[in-house]
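Taking it in order: structure first as structure tokens, then the write-up.
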Number of protein chains: 2
Amino acid sequence: MNEERQTEISELGEFGLIERLTKEFPIRHPQTIKGVGDDAAVLSFGEKEVLVTTDLLLEGIHFDVRYVPLKHLGYKAAVVNFSDIYAMNGTPRQITVSIGLSSRFTVEHVEQIYAGIRLACEVYGVDMVGGDTSASVSGLVISITCIGDAAKENIVYRSGAKETDLICVSGDLGAAYMGLQLLERENRVAAGAGKDFTPDFSGKEYILERQLKPEARKDIVEELGKAGIVPTSMMDVSDGLSSELLHICKASGVGCRVYEDRIPIDYQTACMAEELNMNLVTAAMNGGEDYELLFTVPLADKDKIEKMKGVSMIGYVTKPELGAALVSRDGNEIPIRAQGWNAFSQKD
Amino acid sequence: MNEERQTEISELGEFGLIERLTKEFPIRHPQTIKGVGDDAAVLSFGEKEVLVTTDLLLEGIHFDVRYVPLKHLGYKAAVVNFSDIYAMNGTPRQITVSIGLSSRFTVEHVEQIYAGIRLACEVYGVDMVGGDTSASVSGLVISITCIGDAAKENIVYRSGAKETDLICVSGDLGAAYMGLQLLERENRVAAGAGKDFTPDFSGKEYILERQLKPEARKDIVEELGKAGIVPTSMMDVSDGLSSELLHICKASGVGCRVYEDRIPIDYQTACMAEELNMNLVTAAMNGGEDYELLFTVPLADKDKIEKMKGVSMIGYVTKPELGAALVSRDGNEIPIRAQGWNAFSQKD
């Protein structure tokens, strides 16, 4: 590796790096409708558009096998990719799975991972169509690519949000993050306590499940379809609500106002935040890994959205010059900054 | 990780592991024409079939950054995926690129990798449409998925070889493997010699380039198309000729005879083998990473194949009960065994 003037990756951050790396790739085929820059690429091969998304999960960065069961890990690795396809208002159809394994993993371990992937494929009706398996000198690597489809007129990008649109989010936020805090705490306690220690997860099942076995919101995409709603923009909440709101505002060239008291938070999430003396709104805004759908709809769809279960209206889209802000309970406007989880803040 | 009866991955080998892991995945969609088990999956979304293939490259297993320039690494990582699409008689159209980076890699390093990927996309006319970038605690990880297309009637599987078909291979074999031997030798010498050492690659440029910057045989696929030949079976030679011949024989339910004196070998490959006192035929049969196309055609296409530059007829397809064998120069039949490169023979 040659050593001229070098830039630390952390100087750019993940999104800065991606932007820098991908900006010089031209699109050559008319069938490539959308390349880098959304939840999935959009390809046109015939009647339907083809959606493609991919995720790389690395041991020590994205998961810790000390407290994530391998079957759950496989399930989650598949589901987070399905979530990206749903976030385009599409349907996931196929996945490829590549796995790198160090020698401390046995066949039975890998089978557990695949059992989780298989279950996810079963639940979401997806075919596993290929992949690659290799030894690894340094822990577990899982790379999944998901292919989906959608009718052209139904595909929802990040870029379609318009002034006065309502901002909606499915389910609740911050639970997966609090589940991770809980797992990490119990792991620390277990390390100090020796063999007889049994972690106490009672009354915290929901936040644990949100961390270990997240679901993609297939149901919401189906409900939107039934209600005849095509959102103007949509993303899944993987890095955190703040980060995703900024993505939509940037891609759509708009601003937004989101109300603190409208952000949906589960009771267990709130209890855990109090127990750990953490800021609840920060967890909900920046925690990430919720895999809920964040979307915008025209004001005219308000009545339809109100009738949908499990969807909260949390704010509205503004002119770009107003920026993106969170309106606190006392009416103050706090600028939204991306404090989403950044894999490059870690060091090896 | 739970510790019941465990099987070492090396007991199964890569293909055994893949078979075991993937056999229980059902195919649910009529649009999934072909899932696991060929160079690429085949999906039908409209007029053309969609092909998907993926490769995972791990530092310390598939490459060594001490002697592989990063730009070459990026180029190769893309090209080996294109090769899988050509091996289906298709055209690569899009790729997604996921990269995991440890903190010793700077932005400039990653840009070199992407410069290589970009060059490959340019040379082969492929769009880069997405990906994922992440920190890694343990070295460089590159996962590329390639999407291609082909008219349904042109797609060539591994499974169509018929008795009396001619077995053909493009280019020459064993050069990439000898290039790797050369790189490893020079690296060992350099490690002992200190700073002033300059490796001597003169007269060995071809085998080096075959290892560092392989090309996919787009030209052969185009020539076959022009000649009106649709092979009965085809694969790219990534693991080694022996391994690929066995794949085709197994998938097609046939045997084969391949003639030692027909195997195309470059002069530099032969010289290097002699210099290193290695068996040349073993290198050509089992070396791998040649990315040449191995294919079978009906006997009736013999004249057309003879007119094609850079294609050698190396043998013919037999009844299954005759097995797969190499016919040596002295007329002996040596059973072909897969001694292809097995990533799971390595340990961490």
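The chains in the structure tokens are called A, B, ... from first to last as shown; in each chain the residues are counted from 1, and the ligands are counted from 1 in the order shown.
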
Could you tell me, as number ranges by chain, which residues of region 181-347 of chain A DSSP assigns to helix (DSSP H, G or I) when given the backbone?
-> A: 181-193, 205-212, 218-226, 241-252, 260-262, 267-275, 280-286, 299-307, 320-322, 343-345

Identify, on the basis of only C-alpha atoms, every residue whose closest approach to Asp132 (chain B) does not exceed 7 Å; exclude the query and any residue fewer than 5 positions from it along the same chain; express the result as a PDB file with all heavy atoms, in the first residue's frame.
ATOM      1  N   THR A  54     -27.837  -4.550  -0.517  1.00  0.00           N
ATOM      2  CA  THR A  54     -26.842  -5.446   0.055  1.00  0.00           C
ATOM      3  C   THR A  54     -26.365  -4.920   1.397  1.00  0.00           C
ATOM      4  O   THR A  54     -26.370  -3.716   1.641  1.00  0.00           O
ATOM      5  CB  THR A  54     -25.669  -5.625  -0.951  1.00  0.00           C
ATOM      6  OG1 THR A  54     -24.840  -6.689  -0.518  1.00  0.00           O
ATOM      7  CG2 THR A  54     -24.835  -4.363  -1.091  1.00  0.00           C
ATOM      8  N   ASP A  55     -25.999  -5.831   2.286  1.00  0.00           N
ATOM      9  CA  ASP A  55     -25.534  -5.469   3.624  1.00  0.00           C
ATOM     10  C   ASP A  55     -24.363  -6.351   4.007  1.00  0.00           C
ATOM     11  O   ASP A  55     -24.373  -7.547   3.732  1.00  0.00           O
ATOM     12  CB  ASP A  55     -26.648  -5.694   4.651  1.00  0.00           C
ATOM     13  CG  ASP A  55     -27.278  -4.390   5.083  1.00  0.00           C
ATOM     14  OD1 ASP A  55     -26.532  -3.455   5.417  1.00  0.00           O
ATOM     15  OD2 ASP A  55     -28.513  -4.308   5.078  1.00  0.00           O
ATOM     16  N   LEU A  56     -23.391  -5.757   4.659  1.00  0.00           N
ATOM     17  CA  LEU A  56     -22.221  -6.493   5.123  1.00  0.00           C
ATOM     18  C   LEU A  56     -22.205  -6.446   6.650  1.00  0.00           C
ATOM     19  O   LEU A  56     -22.229  -5.371   7.234  1.00  0.00           O
ATOM     20  CB  LEU A  56     -20.955  -5.822   4.552  1.00  0.00           C
ATOM     21  CG  LEU A  56     -19.610  -6.438   4.885  1.00  0.00           C
ATOM     22  CD1 LEU A  56     -19.488  -7.831   4.285  1.00  0.00           C
ATOM     23  CD2 LEU A  56     -18.485  -5.551   4.362  1.00  0.00           C
TER      24      LEU A  56
ATOM     25  N   VAL B  97     -21.159  -3.296  -4.374  1.00  0.00           N
ATOM     26  CA  VAL B  97     -19.848  -3.490  -3.750  1.00  0.00           C
ATOM     27  C   VAL B  97     -19.948  -3.211  -2.253  1.00  0.00           C
ATOM     28  O   VAL B  97     -20.296  -2.103  -1.855  1.00  0.00           O
ATOM     29  CB  VAL B  97     -18.813  -2.519  -4.357  1.00  0.00           C
ATOM     30  CG1 VAL B  97     -17.457  -2.679  -3.669  1.00  0.00           C
ATOM     31  CG2 VAL B  97     -18.687  -2.726  -5.866  1.00  0.00           C
ATOM     32  N   SER B  98     -19.663  -4.204  -1.428  1.00  0.00           N
ATOM     33  CA  SER B  98     -19.592  -3.970   0.011  1.00  0.00           C
ATOM     34  C   SER B  98     -18.157  -4.153   0.465  1.00  0.00           C
ATOM     35  O   SER B  98     -17.495  -5.111   0.078  1.00  0.00           O
ATOM     36  CB  SER B  98     -20.489  -4.956   0.770  1.00  0.00           C
ATOM     37  OG  SER B  98     -21.840  -4.700   0.485  1.00  0.00           O
ATOM     38  N   ILE B  99     -17.700  -3.211   1.295  1.00  0.00           N
ATOM     39  CA  ILE B  99     -16.311  -3.257   1.753  1.00  0.00           C
ATOM     40  C   ILE B  99     -16.239  -3.072   3.260  1.00  0.00           C
ATOM     41  O   ILE B  99     -16.899  -2.198   3.822  1.00  0.00           O
ATOM     42  CB  ILE B  99     -15.474  -2.176   1.014  1.00  0.00           C
ATOM     43  CG1 ILE B  99     -15.346  -2.567  -0.474  1.00  0.00           C
ATOM     44  CG2 ILE B  99     -14.100  -2.007   1.637  1.00  0.00           C
ATOM     45  CD1 ILE B  99     -14.239  -1.875  -1.227  1.00  0.00           C
TER      46      ILE B  99
END

Selection near Ile334 (chain B), 12 Å with only C-alpha atoms, sequence-local residues under 5 positions removed, as a PyMOL selection string | chain B and resi 242+256-260+322-329

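Between CA of Gly60 (chain B) and CA of Ser143 (chain A) the interatomic distance comes to 17.7 Å.
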
Please list as a PDB file with all heavy atoms, in the first residue's frame every residue within 10 Å of Gln181 (chain A), counting only C-alpha atoms and excluding residues in the same chain fewer than 5 positions away.
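Once written, result.pdb looks like this:
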ATOM      1  N   ALA A 175     -36.231   1.027  20.911  1.00  0.00           N
ATOM      2  CA  ALA A 175     -36.273  -0.224  21.674  1.00  0.00           C
ATOM      3  C   ALA A 175     -35.061  -1.109  21.371  1.00  0.00           C
ATOM      4  O   ALA A 175     -34.460  -1.696  22.280  1.00  0.00           O
ATOM      5  CB  ALA A 175     -37.570  -0.975  21.372  1.00  0.00           C
ATOM      6  N   ALA A 176     -34.675  -1.201  20.091  1.00  0.00           N
ATOM      7  CA  ALA A 176     -33.536  -2.055  19.727  1.00  0.00           C
ATOM      8  C   ALA A 176     -32.260  -1.546  20.391  1.00  0.00           C
ATOM      9  O   ALA A 176     -31.430  -2.327  20.861  1.00  0.00           O
ATOM     10  CB  ALA A 176     -33.362  -2.076  18.202  1.00  0.00           C
ATOM     11  N   GLU A 186     -25.681  -6.825  30.889  1.00  0.00           N
ATOM     12  CA  GLU A 186     -25.735  -8.177  31.455  1.00  0.00           C
ATOM     13  C   GLU A 186     -24.454  -8.936  31.140  1.00  0.00           C
ATOM     14  O   GLU A 186     -24.004  -9.765  31.922  1.00  0.00           O
ATOM     15  CB  GLU A 186     -26.956  -8.936  30.929  1.00  0.00           C
ATOM     16  CG  GLU A 186     -28.302  -8.320  31.340  1.00  0.00           C
ATOM     17  CD  GLU A 186     -28.513  -8.281  32.859  1.00  0.00           C
ATOM     18  OE1 GLU A 186     -28.372  -9.332  33.494  1.00  0.00           O
ATOM     19  OE2 GLU A 186     -28.795  -7.176  33.392  1.00  0.00           O
ATOM     20  N   ASN A 187     -23.872  -8.655  29.978  1.00  0.00           N
ATOM     21  CA  ASN A 187     -22.627  -9.316  29.595  1.00  0.00           C
ATOM     22  C   ASN A 187     -21.474  -8.883  30.493  1.00  0.00           C
ATOM     23  O   ASN A 187     -20.649  -9.690  30.899  1.00  0.00           O
ATOM     24  CB  ASN A 187     -22.310  -8.996  28.135  1.00  0.00           C
ATOM     25  CG  ASN A 187     -21.193  -9.863  27.598  1.00  0.00           C
ATOM     26  OD1 ASN A 187     -21.265 -11.090  27.665  1.00  0.00           O
ATOM     27  ND2 ASN A 187     -20.148  -9.237  27.101  1.00  0.00           N
ATOM     28  N   ILE A 207     -37.806  -5.267  24.372  1.00  0.00           N
ATOM     29  CA  ILE A 207     -36.619  -4.548  23.869  1.00  0.00           C
ATOM     30  C   ILE A 207     -35.526  -5.530  23.440  1.00  0.00           C
ATOM     31  O   ILE A 207     -34.779  -5.274  22.494  1.00  0.00           O
ATOM     32  CB  ILE A 207     -36.063  -3.496  24.873  1.00  0.00           C
ATOM     33  CG1 ILE A 207     -35.667  -4.134  26.200  1.00  0.00           C
ATOM     34  CG2 ILE A 207     -37.082  -2.388  25.091  1.00  0.00           C
ATOM     35  CD1 ILE A 207     -34.905  -3.158  27.116  1.00  0.00           C
ATOM     36  N   LEU A 208     -35.451  -6.670  24.141  1.00  0.00           N
ATOM     37  CA  LEU A 208     -34.497  -7.701  23.732  1.00  0.00           C
ATOM     38  C   LEU A 208     -34.815  -8.226  22.344  1.00  0.00           C
ATOM     39  O   LEU A 208     -33.939  -8.384  21.501  1.00  0.00           O
ATOM     40  CB  LEU A 208     -34.580  -8.884  24.699  1.00  0.00           C
ATOM     41  CG  LEU A 208     -33.499  -9.034  25.737  1.00  0.00           C
ATOM     42  CD1 LEU A 208     -33.608 -10.415  26.353  1.00  0.00           C
ATOM     43  CD2 LEU A 208     -32.111  -8.833  25.128  1.00  0.00           C
ATOM     44  N   GLN A 211     -33.923  -6.004  19.529  1.00  0.00           N
ATOM     45  CA  GLN A 211     -32.502  -6.023  19.203  1.00  0.00           C
ATOM     46  C   GLN A 211     -32.100  -7.312  18.509  1.00  0.00           C
ATOM     47  O   GLN A 211     -31.403  -7.303  17.508  1.00  0.00           O
ATOM     48  CB  GLN A 211     -31.665  -5.851  20.489  1.00  0.00           C
ATOM     49  CG  GLN A 211     -30.170  -6.078  20.317  1.00  0.00           C
ATOM     50  CD  GLN A 211     -29.508  -5.183  19.275  1.00  0.00           C
ATOM     51  OE1 GLN A 211     -28.732  -5.620  18.423  1.00  0.00           O
ATOM     52  NE2 GLN A 211     -29.837  -3.893  19.332  1.00  0.00           N
ATOM     53  N   MET A 272     -36.274   1.156  30.591  1.00  0.00           N
ATOM     54  CA  MET A 272     -34.857   0.803  30.504  1.00  0.00           C
ATOM     55  C   MET A 272     -33.996   2.060  30.487  1.00  0.00           C
ATOM     56  O   MET A 272     -32.937   2.105  31.123  1.00  0.00           O
ATOM     57  CB  MET A 272     -34.627  -0.032  29.236  1.00  0.00           C
ATOM     58  CG  MET A 272     -33.290  -0.742  29.203  1.00  0.00           C
ATOM     59  SD  MET A 272     -33.181  -2.059  30.436  1.00  0.00           S
ATOM     60  CE  MET A 272     -31.463  -1.898  30.910  1.00  0.00           C
ATOM     61  N   ALA A 273     -34.469   3.083  29.745  1.00  0.00           N
ATOM     62  CA  ALA A 273     -33.717   4.341  29.685  1.00  0.00           C
ATOM     63  C   ALA A 273     -33.600   4.938  31.085  1.00  0.00           C
ATOM     64  O   ALA A 273     -32.538   5.421  31.494  1.00  0.00           O
ATOM     65  CB  ALA A 273     -34.397   5.319  28.731  1.00  0.00           C
ATOM     66  N   LEU A 276     -31.163   2.949  33.231  1.00  0.00           N
ATOM     67  CA  LEU A 276     -29.756   3.185  32.865  1.00  0.00           C
ATOM     68  C   LEU A 276     -29.397   4.661  32.895  1.00  0.00           C
ATOM     69  O   LEU A 276     -28.287   5.051  32.543  1.00  0.00           O
ATOM     70  CB  LEU A 276     -29.473   2.622  31.467  1.00  0.00           C
ATOM     71  CG  LEU A 276     -29.598   1.108  31.291  1.00  0.00           C
ATOM     72  CD1 LEU A 276     -29.405   0.726  29.833  1.00  0.00           C
ATOM     73  CD2 LEU A 276     -28.596   0.369  32.176  1.00  0.00           C
TER      74      LEU A 276
END

Which of these, A:Glu222, A:Asp330, A:Asp165, A:Glu184, has the shortest distance to Ala300 (chain A) once you count only C-alpha atoms?
-> A:Asp165

Selection: 9 Å around Leu173 (chain B), only C-alpha atoms, excl. self and same-chain fewer than 3 positions, as number ranges by chain | B: 169-170, 176-177, 237, 240-241, 263-266, 269, 283-285, 287-292

Let me see the file: selected residues, N, CA and C atoms, as a PDB file, in the first residue's frame.
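Below is the file part_31.pdb, written as the result:
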ATOM      1  N   VAL B 169     -11.812 -25.226 -23.987  1.00  0.00           N
ATOM      2  CA  VAL B 169     -11.413 -24.239 -22.990  1.00  0.00           C
ATOM      3  C   VAL B 169     -10.751 -23.066 -23.706  1.00  0.00           C
ATOM      4  N   SER B 170     -11.015 -21.863 -23.200  1.00  0.00           N
ATOM      5  CA  SER B 170     -10.419 -20.670 -23.815  1.00  0.00           C
ATOM      6  C   SER B 170      -9.038 -20.424 -23.226  1.00  0.00           C
ATOM      7  N   ALA B 176      -2.018 -18.133 -13.774  1.00  0.00           N
ATOM      8  CA  ALA B 176      -2.328 -17.346 -12.573  1.00  0.00           C
ATOM      9  C   ALA B 176      -1.725 -18.008 -11.333  1.00  0.00           C
ATOM     10  N   TYR B 177      -1.775 -19.324 -11.312  1.00  0.00           N
ATOM     11  CA  TYR B 177      -1.223 -20.077 -10.186  1.00  0.00           C
ATOM     12  C   TYR B 177       0.296 -19.904 -10.124  1.00  0.00           C
ATOM     13  N   VAL B 237     -13.251 -21.129 -15.133  1.00  0.00           N
ATOM     14  CA  VAL B 237     -12.247 -21.901 -14.397  1.00  0.00           C
ATOM     15  C   VAL B 237     -11.714 -21.034 -13.256  1.00  0.00           C
ATOM     16  N   GLY B 240      -9.994 -24.369 -10.688  1.00  0.00           N
ATOM     17  CA  GLY B 240      -9.065 -25.267 -11.379  1.00  0.00           C
ATOM     18  C   GLY B 240      -9.831 -26.157 -12.350  1.00  0.00           C
ATOM     19  N   LEU B 241      -9.176 -26.547 -13.433  1.00  0.00           N
ATOM     20  CA  LEU B 241      -9.841 -27.335 -14.472  1.00  0.00           C
ATOM     21  C   LEU B 241     -10.424 -28.639 -13.925  1.00  0.00           C
ATOM     22  N   ILE B 263      -4.022 -29.693 -23.288  1.00  0.00           N
ATOM     23  CA  ILE B 263      -4.267 -28.604 -22.330  1.00  0.00           C
ATOM     24  C   ILE B 263      -3.379 -27.409 -22.673  1.00  0.00           C
ATOM     25  N   PRO B 264      -4.011 -26.258 -22.923  1.00  0.00           N
ATOM     26  CA  PRO B 264      -3.233 -25.093 -23.373  1.00  0.00           C
ATOM     27  C   PRO B 264      -2.443 -24.474 -22.214  1.00  0.00           C
ATOM     28  N   ILE B 265      -1.139 -24.377 -22.405  1.00  0.00           N
ATOM     29  CA  ILE B 265      -0.258 -23.835 -21.368  1.00  0.00           C
ATOM     30  C   ILE B 265       0.702 -22.833 -22.008  1.00  0.00           C
ATOM     31  N   ASP B 266       0.837 -21.671 -21.394  1.00  0.00           N
ATOM     32  CA  ASP B 266       1.736 -20.644 -21.935  1.00  0.00           C
ATOM     33  C   ASP B 266       3.201 -20.985 -21.631  1.00  0.00           C
ATOM     34  N   THR B 269       4.424 -19.951 -18.199  1.00  0.00           N
ATOM     35  CA  THR B 269       3.922 -20.853 -17.153  1.00  0.00           C
ATOM     36  C   THR B 269       4.836 -22.076 -17.060  1.00  0.00           C
ATOM     37  N   ALA B 283      -0.298 -27.932 -12.049  1.00  0.00           N
ATOM     38  CA  ALA B 283      -0.587 -26.495 -11.984  1.00  0.00           C
ATOM     39  C   ALA B 283      -1.731 -26.133 -12.928  1.00  0.00           C
ATOM     40  N   ALA B 284      -1.698 -26.691 -14.137  1.00  0.00           N
ATOM     41  CA  ALA B 284      -2.729 -26.361 -15.126  1.00  0.00           C
ATOM     42  C   ALA B 284      -4.082 -26.974 -14.752  1.00  0.00           C
ATOM     43  N   MET B 285      -4.059 -28.167 -14.188  1.00  0.00           N
ATOM     44  CA  MET B 285      -5.310 -28.853 -13.838  1.00  0.00           C
ATOM     45  C   MET B 285      -5.920 -28.320 -12.549  1.00  0.00           C
ATOM     46  N   GLY B 287      -4.558 -25.429 -10.563  1.00  0.00           N
ATOM     47  CA  GLY B 287      -4.093 -24.130 -10.083  1.00  0.00           C
ATOM     48  C   GLY B 287      -5.220 -23.152  -9.781  1.00  0.00           C
ATOM     49  N   GLY B 288      -6.160 -23.068 -10.685  1.00  0.00           N
ATOM     50  CA  GLY B 288      -7.280 -22.164 -10.459  1.00  0.00           C
ATOM     51  C   GLY B 288      -6.972 -20.712 -10.769  1.00  0.00           C
ATOM     52  N   GLU B 289      -8.006 -19.876 -10.635  1.00  0.00           N
ATOM     53  CA  GLU B 289      -7.933 -18.427 -10.872  1.00  0.00           C
ATOM     54  C   GLU B 289      -7.593 -18.056 -12.310  1.00  0.00           C
ATOM     55  N   ASP B 290      -7.805 -18.974 -13.244  1.00  0.00           N
ATOM     56  CA  ASP B 290      -7.534 -18.659 -14.645  1.00  0.00           C
ATOM     57  C   ASP B 290      -8.647 -17.798 -15.259  1.00  0.00           C
ATOM     58  N   TYR B 291      -9.876 -17.973 -14.756  1.00  0.00           N
ATOM     59  CA  TYR B 291     -11.053 -17.267 -15.292  1.00  0.00           C
ATOM     60  C   TYR B 291     -11.217 -17.439 -16.783  1.00  0.00           C
ATOM     61  N   GLU B 292     -10.736 -18.578 -17.290  1.00  0.00           N
ATOM     62  CA  GLU B 292     -11.040 -18.963 -18.659  1.00  0.00           C
ATOM     63  C   GLU B 292     -12.410 -19.637 -18.680  1.00  0.00           C
TER      64      GLU B 292
END

The residue from A:Leu212, A:Ile33, A:Ile314, A:Leu280 with the smallest atom-to-atom distance to Lys48 (chain A), counting only C-alpha atoms, is A:Ile33

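Of the residues under consideration (A:Asn89, A:Asn277, A:Ser134, A:Thr318), A:Ser134 shows the shortest atom-to-atom contact distance to chain B when counting only C-alpha atoms.
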
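When only C-alpha atoms are used to compute distances to Ile85 (chain B), the closest of the residues B:Lys304, B:Lys218, B:Arg262, B:Arg188 turns out to be B:Lys218.
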
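Closest approach to Ala216 (chain B) from the set B:Ala150, B:Val79, B:Ile248, B:Leu119 is made by B:Val79, with distances taken over only C-alpha atoms.
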
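Nearest residue to Tyr86 (chain B) among B:Cys146, B:Met178, B:Val221, B:Met308 is B:Val221, counting only C-alpha atoms.
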
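Omitting region 101-108 of chain A and its sequence neighbours fewer than 5 positions away, and counting only C-alpha atoms, the residues within 6 Å are Ala135, Ser136, Val137, Ser138, Gly139 and Leu140 of chain A; Gln6, Thr7, Glu8, Ile9 and Lys347 of chain B.
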
Within region 246-279 of chain B, find each residue whose DSSP state, derived from the backbone, is strand (DSSP E or B), and express the selection as a ChimeraX atom specification.
-> /B:255-259
